[in-house]
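Structure data (mmCIF, C-alpha atoms and all ligand atoms) from final-v3.cif:
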```cif
data_coords
#
loop_
_atom_site.label_atom_id
_atom_site.label_comp_id
_atom_site.auth_asym_id
_atom_site.auth_seq_id
_atom_site.Cartn_x
_atom_site.Cartn_y
_atom_site.Cartn_z
CA MET G 259 -27.55 -12.62 12.39
CA LEU G 260 -24.65 -12.33 9.98
CA ALA G 261 -22.20 -9.49 10.67
CA ALA G 262 -18.73 -8.40 9.54
CA HIS G 263 -16.29 -7.81 12.40
CA VAL G 264 -13.04 -5.91 12.81
CA ASP G 265 -10.94 -8.20 15.03
CA ALA G 266 -7.64 -6.34 14.78
CA PRO G 267 -6.10 -3.68 12.56
CA HIS G 268 -4.59 -4.80 9.25
CA ARG G 269 -6.75 -7.93 9.16
CA PRO G 270 -9.65 -8.61 6.81
CA LEU G 271 -13.13 -8.32 8.29
CA ARG G 272 -14.39 -11.60 9.72
CA LEU G 273 -17.90 -12.69 8.80
CA ALA G 274 -19.69 -14.54 11.57
CA GLU G 275 -23.12 -15.37 12.89
CA VAL G 276 -23.74 -13.59 16.20
CA PRO G 277 -26.85 -13.11 18.36
CA ASP G 278 -29.10 -10.20 17.42
CA PRO G 279 -28.30 -7.01 19.36
CA VAL G 280 -30.70 -6.09 22.15
CA PRO G 281 -31.78 -2.45 22.30
CA GLY G 282 -30.87 -0.61 25.49
CA PRO G 283 -32.76 2.35 26.98
CA GLY G 284 -33.64 4.86 24.26
CA GLN G 285 -32.47 2.55 21.50
CA VAL G 286 -34.43 0.94 18.70
CA LEU G 287 -33.75 -2.32 16.86
CA LEU G 288 -33.33 -1.97 13.10
CA GLU G 289 -33.36 -4.41 10.21
CA VAL G 290 -30.50 -3.17 8.05
CA ARG G 291 -31.60 -2.66 4.43
CA ALA G 292 -28.34 -1.11 3.23
CA CYS G 293 -25.16 0.33 4.69
CA GLY G 294 -22.80 2.67 2.89
CA VAL G 295 -19.05 2.05 2.97
CA CYS G 296 -17.02 5.05 4.12
CA ARG G 297 -13.30 5.77 4.04
CA THR G 298 -13.49 6.02 7.84
CA ASP G 299 -14.31 2.28 7.92
CA LEU G 300 -11.12 1.73 5.96
CA HIS G 301 -9.14 3.90 8.42
CA ILE G 302 -10.40 1.66 11.26
CA VAL G 303 -9.49 -1.55 9.40
CA ASP G 304 -6.11 -0.13 8.40
CA GLY G 305 -5.32 0.93 11.99
CA GLU G 306 -5.20 4.67 11.23
CA LEU G 307 -8.09 5.20 13.62
CA THR G 308 -8.07 3.36 16.91
CA ALA G 309 -11.15 1.53 18.10
CA ASP G 310 -11.38 1.34 21.90
CA ARG G 311 -12.96 -2.10 21.81
CA LEU G 312 -12.58 -5.02 19.44
CA PRO G 313 -14.16 -6.95 17.86
CA LEU G 314 -16.32 -4.26 16.35
CA ILE G 315 -18.98 -4.15 13.63
CA PRO G 316 -18.23 -1.10 11.42
CA GLY G 317 -20.63 0.89 9.22
CA HIS G 318 -22.24 4.27 9.84
CA GLN G 319 -24.38 5.02 6.80
CA ILE G 320 -27.20 2.72 7.79
CA VAL G 321 -30.58 2.58 6.14
CA GLY G 322 -32.72 0.53 8.46
CA GLU G 323 -36.29 -0.39 9.17
CA ARG G 324 -37.46 0.02 12.75
CA VAL G 325 -38.68 -3.31 14.00
CA ASP G 326 -41.22 -1.61 16.31
CA THR G 327 -42.86 0.85 13.88
CA GLY G 328 -41.73 -0.26 10.40
CA GLU G 329 -40.44 3.27 9.69
CA ARG G 330 -37.38 3.64 7.47
CA VAL G 331 -34.64 5.67 9.17
CA GLY G 332 -31.02 6.61 8.60
CA VAL G 333 -28.28 6.14 11.18
CA PRO G 334 -25.26 8.39 10.72
CA TRP G 335 -21.80 8.57 12.34
CA LEU G 336 -22.88 10.65 15.35
CA GLY G 337 -24.59 8.00 17.45
CA TRP G 338 -24.83 9.55 20.91
CA THR G 339 -23.84 12.69 22.80
CA ASP G 340 -24.09 13.64 26.48
CA GLY G 341 -26.12 16.78 25.71
CA THR G 342 -24.50 18.55 28.66
CA CYS G 343 -20.90 19.46 27.79
CA ARG G 344 -19.99 22.96 26.66
CA PHE G 345 -19.93 21.86 23.01
CA CYS G 346 -23.37 20.23 23.16
CA THR G 347 -24.91 23.24 24.90
CA SER G 348 -23.54 25.65 22.29
CA GLY G 349 -24.90 23.99 19.14
CA ARG G 350 -21.71 22.02 18.50
CA GLU G 351 -22.70 18.48 19.40
CA ASN G 352 -20.37 17.25 16.65
CA LEU G 353 -17.52 18.17 19.02
CA CYS G 354 -19.05 16.58 22.14
CA ASP G 355 -16.34 15.44 24.57
CA ALA G 356 -18.20 12.19 25.23
CA ALA G 357 -19.60 11.54 21.73
CA ARG G 358 -20.12 7.94 20.69
CA PHE G 359 -19.86 7.13 17.03
CA THR G 360 -21.74 4.52 15.05
CA GLY G 361 -19.48 1.75 13.79
CA LEU G 362 -16.72 2.78 16.21
CA HIS G 363 -18.14 2.87 19.75
CA ILE G 364 -21.54 1.43 18.83
CA ASP G 365 -21.73 -1.64 16.55
CA GLY G 366 -22.66 -0.47 13.07
CA GLY G 367 -24.45 -1.56 9.95
CA TYR G 368 -22.17 -4.17 8.38
CA ALA G 369 -24.76 -6.59 9.72
CA GLU G 370 -28.30 -7.83 9.24
CA ARG G 371 -29.53 -5.97 12.32
CA CYS G 372 -28.30 -3.19 14.59
CA VAL G 373 -29.47 -0.90 17.36
CA ALA G 374 -29.42 2.90 17.38
CA ASP G 375 -30.40 5.71 19.72
CA GLU G 376 -33.82 6.84 18.58
CA ARG G 377 -32.87 10.53 19.01
CA PHE G 378 -30.00 10.21 16.53
CA CYS G 379 -31.94 8.44 13.77
CA LEU G 380 -32.71 10.64 10.77
CA SER G 381 -35.91 10.63 8.72
CA LEU G 382 -35.10 9.82 5.10
CA PRO G 383 -36.53 11.57 2.05
CA PRO G 384 -39.08 9.22 0.42
CA GLY G 385 -37.88 9.80 -3.17
CA TYR G 386 -34.70 7.79 -2.65
CA GLY G 387 -34.24 4.04 -2.74
CA ASP G 388 -32.33 2.36 0.11
CA LEU G 389 -29.13 1.94 -1.90
CA GLU G 390 -29.18 5.47 -3.22
CA VAL G 391 -29.85 7.18 0.10
CA ALA G 392 -27.19 5.29 2.10
CA PRO G 393 -24.18 7.33 0.85
CA LEU G 394 -25.99 10.56 1.70
CA LEU G 395 -25.68 9.66 5.40
CA CYS G 396 -21.95 10.31 5.69
CA ALA G 397 -20.38 11.10 2.33
CA GLY G 398 -23.23 13.49 1.53
CA LEU G 399 -23.56 14.95 4.99
CA ILE G 400 -19.86 15.52 5.61
CA GLY G 401 -19.45 16.86 2.09
CA PHE G 402 -22.27 19.30 2.76
CA ARG G 403 -20.86 20.45 6.11
CA THR G 404 -17.46 20.88 4.46
CA LEU G 405 -18.99 23.06 1.73
CA ARG G 406 -20.85 25.16 4.29
CA MET G 407 -17.63 25.74 6.26
CA ALA G 408 -16.16 27.31 3.12
CA GLY G 409 -18.67 30.19 3.19
CA ASP G 410 -20.16 31.22 -0.14
CA PRO G 411 -17.51 30.41 -2.76
CA ALA G 412 -18.19 31.21 -6.42
CA ARG G 413 -15.44 28.82 -7.49
CA VAL G 414 -14.92 25.70 -5.44
CA GLY G 415 -12.23 23.06 -5.89
CA LEU G 416 -12.93 19.46 -4.87
CA TYR G 417 -9.73 17.56 -4.12
CA GLY G 418 -10.36 13.82 -4.33
CA PHE G 419 -13.45 12.99 -6.35
CA GLY G 420 -14.92 10.04 -4.45
CA ALA G 421 -18.13 9.46 -2.53
CA ALA G 422 -18.30 12.83 -0.75
CA ALA G 423 -17.16 14.98 -3.67
CA HIS G 424 -19.51 13.44 -6.22
CA LEU G 425 -22.47 14.31 -3.96
CA VAL G 426 -21.35 17.79 -2.87
CA CYS G 427 -20.52 18.63 -6.49
CA GLN G 428 -24.22 18.35 -7.30
CA VAL G 429 -25.23 20.63 -4.41
CA ALA G 430 -22.60 23.18 -5.40
CA ARG G 431 -23.72 23.17 -9.04
CA TRP G 432 -27.38 23.54 -7.98
CA GLU G 433 -26.34 26.55 -5.90
CA GLY G 434 -24.73 28.09 -8.98
CA ARG G 435 -21.11 27.55 -7.99
CA GLU G 436 -18.38 26.65 -10.46
CA VAL G 437 -16.75 23.33 -9.59
CA PHE G 438 -13.14 22.39 -10.27
CA ALA G 439 -12.50 18.69 -9.70
CA VAL G 440 -8.96 17.61 -8.83
CA THR G 441 -8.32 13.86 -8.92
CA ARG G 442 -5.34 11.57 -8.74
CA PRO G 443 -3.31 12.03 -11.93
CA GLY G 444 -4.75 9.79 -14.64
CA ASP G 445 -7.93 8.81 -12.77
CA THR G 446 -10.04 9.04 -15.89
CA ALA G 447 -13.07 7.28 -14.38
CA ALA G 448 -13.42 9.80 -11.53
CA GLN G 449 -12.75 12.62 -14.01
CA ALA G 450 -15.51 11.39 -16.33
CA LEU G 451 -17.98 11.29 -13.41
CA ALA G 452 -16.97 14.83 -12.36
CA ARG G 453 -17.52 16.09 -15.89
CA GLU G 454 -20.90 14.36 -16.08
CA LEU G 455 -21.92 16.01 -12.79
CA GLY G 456 -21.21 19.47 -14.11
CA ALA G 457 -17.62 20.31 -13.13
CA THR G 458 -16.28 23.26 -15.13
CA TRP G 459 -12.77 21.90 -15.06
CA VAL G 460 -11.45 18.44 -14.37
CA GLY G 461 -7.83 17.40 -14.01
CA GLY G 462 -5.13 15.68 -12.02
CA SER G 463 -3.43 17.11 -8.93
CA ASP G 464 -0.31 17.52 -11.09
CA GLU G 465 -2.10 19.97 -13.40
CA GLN G 466 -2.42 23.73 -13.14
CA LEU G 467 -5.94 25.01 -12.43
CA PRO G 468 -7.22 27.52 -14.99
CA ALA G 469 -8.51 30.01 -12.39
CA GLU G 470 -8.08 31.00 -8.75
CA LEU G 471 -10.47 29.24 -6.35
CA ASP G 472 -12.48 30.84 -3.56
CA ALA G 473 -12.44 27.59 -1.62
CA ALA G 474 -10.87 24.17 -1.78
CA LEU G 475 -12.49 21.15 -0.12
CA ILE G 476 -10.08 18.27 0.47
CA PHE G 477 -11.61 14.79 0.70
CA ALA G 478 -8.56 12.70 -0.20
CA PRO G 479 -6.58 11.64 2.92
CA ALA G 480 -3.36 13.08 1.50
CA GLY G 481 -1.64 15.84 3.49
CA GLU G 482 0.44 16.92 0.49
CA LEU G 483 -2.76 18.33 -1.04
CA VAL G 484 -2.95 21.03 1.66
CA PRO G 485 -0.12 23.28 0.38
CA LEU G 486 -1.30 22.60 -3.17
CA ALA G 487 -4.84 23.73 -2.30
CA LEU G 488 -3.63 26.79 -0.36
CA ARG G 489 -1.66 27.80 -3.42
CA ALA G 490 -4.81 27.44 -5.55
CA VAL G 491 -7.14 29.61 -3.43
CA ALA G 492 -7.42 33.37 -3.79
CA LYS G 493 -6.85 35.84 -0.93
CA GLY G 494 -9.49 35.37 1.74
CA GLY G 495 -10.20 31.85 0.51
CA SER G 496 -10.64 28.71 2.60
CA VAL G 497 -9.15 25.27 2.49
CA VAL G 498 -11.39 22.83 4.36
CA CYS G 499 -10.28 19.28 5.14
CA GLY G 500 -13.28 16.97 5.28
CA GLY G 501 -11.70 13.65 6.26
CA ILE G 502 -11.21 12.16 9.72
CA HIS G 503 -7.64 11.12 8.98
CA MET G 504 -4.98 12.56 6.71
CA SER G 505 -1.30 11.83 6.18
CA ASP G 506 1.07 14.48 7.58
CA ILE G 507 0.93 17.92 6.05
CA PRO G 508 4.33 19.00 4.71
CA PRO G 509 5.89 22.21 6.13
CA LEU G 510 3.96 25.27 4.98
CA PRO G 511 5.67 28.52 4.04
CA TYR G 512 3.68 31.26 5.81
CA GLU G 513 3.14 33.05 2.50
CA LEU G 514 0.69 30.28 1.52
CA LEU G 515 -1.56 31.20 4.46
CA TRP G 516 -0.95 34.95 4.17
CA GLY G 517 -3.69 37.05 2.58
CA GLU G 518 -6.29 35.93 5.12
CA ARG G 519 -6.49 32.43 3.75
CA VAL G 520 -8.11 29.98 6.18
CA LEU G 521 -7.14 26.37 6.75
CA ARG G 522 -9.51 24.25 8.84
CA SER G 523 -10.95 20.80 9.35
CA VAL G 524 -14.51 19.58 9.65
CA ALA G 525 -15.22 17.05 12.39
CA ASN G 526 -18.27 14.80 12.40
CA LEU G 527 -21.76 16.25 11.97
CA THR G 528 -24.66 17.55 13.99
CA ARG G 529 -28.24 16.31 13.73
CA ALA G 530 -29.09 19.74 12.34
CA ASP G 531 -26.60 19.14 9.47
CA GLY G 532 -28.38 15.87 8.77
CA GLU G 533 -31.80 17.49 8.62
CA ALA G 534 -30.51 20.39 6.49
CA PHE G 535 -28.77 18.16 3.97
CA LEU G 536 -31.57 15.59 3.68
CA ASP G 537 -33.91 18.51 3.01
CA ILE G 538 -31.70 20.06 0.33
CA ALA G 539 -30.60 16.82 -1.43
CA PRO G 540 -33.93 16.00 -3.11
CA ARG G 541 -34.52 19.65 -4.05
CA ALA G 542 -31.05 19.85 -5.60
CA GLY G 543 -31.71 16.58 -7.45
CA VAL G 544 -28.71 14.91 -5.82
CA ARG G 545 -28.29 11.36 -7.11
CA SER G 546 -25.71 8.92 -5.90
CA HIS G 547 -23.50 6.85 -8.14
CA VAL G 548 -23.50 3.54 -6.30
CA THR G 549 -21.75 0.18 -6.56
CA THR G 550 -23.39 -2.49 -4.42
CA TYR G 551 -21.80 -5.48 -2.73
CA PRO G 552 -23.47 -8.23 -0.72
CA LEU G 553 -22.52 -8.09 2.98
CA ASP G 554 -20.33 -11.18 2.64
CA ARG G 555 -18.16 -9.27 0.13
CA ALA G 556 -17.46 -6.39 2.55
CA ASN G 557 -13.71 -7.02 2.25
CA ASP G 558 -13.89 -6.59 -1.54
CA ALA G 559 -15.73 -3.31 -1.06
CA LEU G 560 -12.96 -2.05 1.25
CA ASP G 561 -10.22 -3.27 -1.11
CA ASP G 562 -11.81 -1.49 -4.06
CA LEU G 563 -12.04 1.73 -2.05
CA ARG G 564 -8.45 1.47 -0.83
CA SER G 565 -7.05 0.83 -4.31
CA GLY G 566 -8.98 3.70 -5.92
CA ARG G 567 -10.82 1.29 -8.25
CA LEU G 568 -14.17 2.44 -6.92
CA VAL G 569 -16.00 5.28 -8.68
CA GLY G 570 -18.59 7.13 -6.60
CA ALA G 571 -19.87 5.37 -3.47
CA SER G 572 -20.25 1.75 -2.40
CA VAL G 573 -23.05 0.19 -0.41
CA LEU G 574 -23.36 -3.17 1.33
CA VAL G 575 -26.61 -5.09 1.22
CA PRO G 576 -27.23 -7.75 3.87
ZN ZN P 1 -21.47 16.85 24.79
ZN ZN P 2 -18.15 8.28 7.16
#
```
Mind turning this structure into structure tokens?
Amino acid sequence: MLAAHVDAPHRPLRLAEVPDPVPGPGQVLLEVRACGVCRTDLHIVDGELTADRLPLIPGHQIVGERVDTGERVGVPWLGWTDGTCRFCTSGRENLCDAARFTGLHIDGGYAERCVADERFCLSLPPGYGDLEVAPLLCAGLIGFRTLRMAGDPARVGLYGFGAAAHLVCQVARWEGREVFAVTRPGDTAAQALARELGATWVGGSDEQLPAELDAALIFAPAGELVPLALRAVAKGGSVVCGGIHMSDIPPLPYELLWGERVLRSVANLTRADGEAFLDIAPRAGVRSHVTTYPLDRANDALDDLRSGRLVGASVLVP
């Protein structure tokens, strides 16, 4: 099968024919129909996240067809847990000490075929096409978990309007929340998409927001947004960082946190998050804005994401 490999950090993915993977105990073999591209894949390629074995096939928003049953399933980032550690046994499998992640510890979906643990495959809502449902599997899911960690905000700010924000914006609007979209200064394409998806206010991170927020969700990997977001939230408000990697956060004057403001991160997802979001997405009418690339243009997809040229989400098709 054809697959794209990470050989070493800071090197383009290498496309090569390799033997089909063989499912181990509890695993199923999947024909990959589509695989979403996530910023985490870029962090691996750019060496900001360390893979413990190379070469590696990235990709953790996999829409695949089970070779044994023909069923269409989704494979997300959380690929395996031990089920026994104190996190797993307290409903927090996303924090499992021994977790194995798809496209990091387990070869992912930048390939024609892959294997996945049957227990971690998600059923996909039938109303979505393969390309459209792929970004829901990480961007959508993590965005949703990030929103839920913010409580019940009436006014929510989305910092970085990419794959995750454009999906969570639709859930937030459906739930009756006001959305304030903060993009890179001058990113008119992302701003236009935010406006189209119902944001009340759209602007650059250099602009003043017109109202105090109850929560700010940060999806851009830029630590300098943290003090900015803390300044924008009202007393008792939350700033939730949804990404797996972020540049350093500048020193924070305590007064920014004072007033019972909360600053936290969101790490990974649980299977329950997956089921909850894939149940809510069709009811909320969530649609993904997708750019597709053939698998052999995976490097172009990563370059477009890195440079900020991409609007919405990107998906590879083998
Ligand atoms: Zn565990
Ligand atoms: Zn991801």
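Within 7 Å of stretch 553-556 of chain G, once all atoms listed in the file are used and residues closer than 6 positions along the same chain are dropped, the contacting residues are Leu273, Tyr368, Leu574, Val575 and Pro576 of chain G.
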May I have a table of the residues of chain G lying at most 8 Å from ligand ZN 1 (chain P), giving each one's closest pair of atoms and their distance in Å to one decimal, counting all atoms listed in the file, ordered by chain and ascending residue number, as CSV?
```
residue,atom,partner,partner_atom,distance
G:Thr339,CA,P:ZN1,ZN,5.2
G:Asp340,CA,P:ZN1,ZN,4.5
G:Gly341,CA,P:ZN1,ZN,4.7
G:Thr342,CA,P:ZN1,ZN,5.2
G:Cys343,CA,P:ZN1,ZN,4.0
G:Arg344,CA,P:ZN1,ZN,6.6
G:Phe345,CA,P:ZN1,ZN,5.5
G:Cys346,CA,P:ZN1,ZN,4.2
G:Thr347,CA,P:ZN1,ZN,7.3
G:Glu351,CA,P:ZN1,ZN,5.8
G:Leu353,CA,P:ZN1,ZN,7.1
G:Cys354,CA,P:ZN1,ZN,3.6
G:Asp355,CA,P:ZN1,ZN,5.3
G:Ala356,CA,P:ZN1,ZN,5.7
G:Ala357,CA,P:ZN1,ZN,6.4
```
At most 6 Å from ligand ZN 2 (chain P) (only C-alpha atoms and all ligand atoms): residue list as a list in words: Cys296, Thr298 and Cys396 of chain G
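The list of residues with at least one atom within 9 Å of G:Cys379, based on all atoms listed in the file and without residues fewer than 2 positions apart in the same chain, reads Val331, Gly332, Val333, Pro334, Gly337, Ala374, Asp375, Glu376, Arg377, Ser381 and Arg529 of chain G.
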Atom-to-atom span, atom CA of G:Ala447 and atom CA of G:Gly415, Å: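 For atom CA of G:Ala447 relative to atom CA of G:Gly415, the distance reads 17.9 Å.
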Straight-line distance linking atom CA of G:Ala392 with atom CA of G:Gly367, stated in Å to one decimal: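 Answer for the atom CA of G:Ala392 to atom CA of G:Gly367 separation: 10.8 Å.
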Given all atoms listed in the file as the counted atoms, nearest of G:Asp506, G:Glu433, G:Asp561, G:Glu275 to G:Leu405: G:Glu433
Test item: which residues lie within 6 Å of (-28.5, -4.1, 20.2) counting only C-alpha atoms, as a PyMOL selection string: chain G and resi 279-281+372-373
Distance in Å - atom CA of G:Pro267 versus atom CA of G:Ala369: 19.1 Å
Can you build me a table of stretch 301-399 of chain G residues sitting at most 12 Å from stretch 494-500 of chain G, with the closest atom pair per residue and its distance in Å to one decimal, using all atoms listed in the file, sorted by chain and residue number, as a Markdown table?
```
| residue | atom | partner | partner_atom | distance |
| --- | --- | --- | --- | --- |
| G:Cys396 | CA | G:Gly500 | CA | 10.9 |
| G:Ala397 | CA | G:Gly500 | CA | 9.7 |
| G:Gly398 | CA | G:Gly500 | CA | 11.2 |
| G:Leu399 | CA | G:Gly500 | CA | 10.5 |
```
I need the residues from that last selection saved to file as a short mmCIF file (atom, residue, chain, number, x, y, z; two decimals), in the coordinates of the input (with C-alpha atoms), if you can.
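Here's the written file part.cif:
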```
data_model
loop_
_atom_site.label_atom_id
_atom_site.label_comp_id
_atom_site.auth_asym_id
_atom_site.auth_seq_id
_atom_site.Cartn_x
_atom_site.Cartn_y
_atom_site.Cartn_z
CA CYS G 396 -21.95 10.31 5.69
CA ALA G 397 -20.38 11.10 2.33
CA GLY G 398 -23.23 13.49 1.53
CA LEU G 399 -23.56 14.95 4.99
#
```
Residues near stretch 514-517 of chain G, cut-off 8 Å, all atoms listed in the file, skip fewer than 5 positions along chain, as an MDAnalysis selection string: chainID G and resid 485 488:489 493:494
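The environment of G:Gly566 within 12 Å, counting all atoms listed in the file and disregarding residues fewer than 5 places along the same chain, consists of Arg297, Gly418, Phe419, Gly420, Ala421, Thr441, Arg442, Pro443, Gly444, Asp445, Thr446, Ala447, Ala448, Ala478, Ala559, Leu560, Asp561, Ala571 and Ser572 of chain G.
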With all atoms listed in the file counted and 12 Å as the cut-off, give the residues of stretch 434-551 of chain G in contact with stretch 303-313 of chain G, each with its shortest interatomic distance in Å and the pair that gives it, as JSON lines.
```
{"residue": "G:Pro479", "atom": "CA", "partner": "G:Glu306", "partner_atom": "CA", "distance": 10.9}
{"residue": "G:Gly501", "atom": "CA", "partner": "G:Leu307", "partner_atom": "CA", "distance": 11.8}
{"residue": "G:Ile502", "atom": "CA", "partner": "G:Leu307", "partner_atom": "CA", "distance": 8.6}
{"residue": "G:His503", "atom": "CA", "partner": "G:Glu306", "partner_atom": "CA", "distance": 7.3}
{"residue": "G:Met504", "atom": "CA", "partner": "G:Glu306", "partner_atom": "CA", "distance": 9.1}
{"residue": "G:Ser505", "atom": "CA", "partner": "G:Glu306", "partner_atom": "CA", "distance": 9.6}
```
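Restricting the calculation to all atoms listed in the file, the smallest distance between G:Gly317 and any of G:Leu486, G:Leu425, G:Ile538, G:Leu271 is found for G:Leu271.
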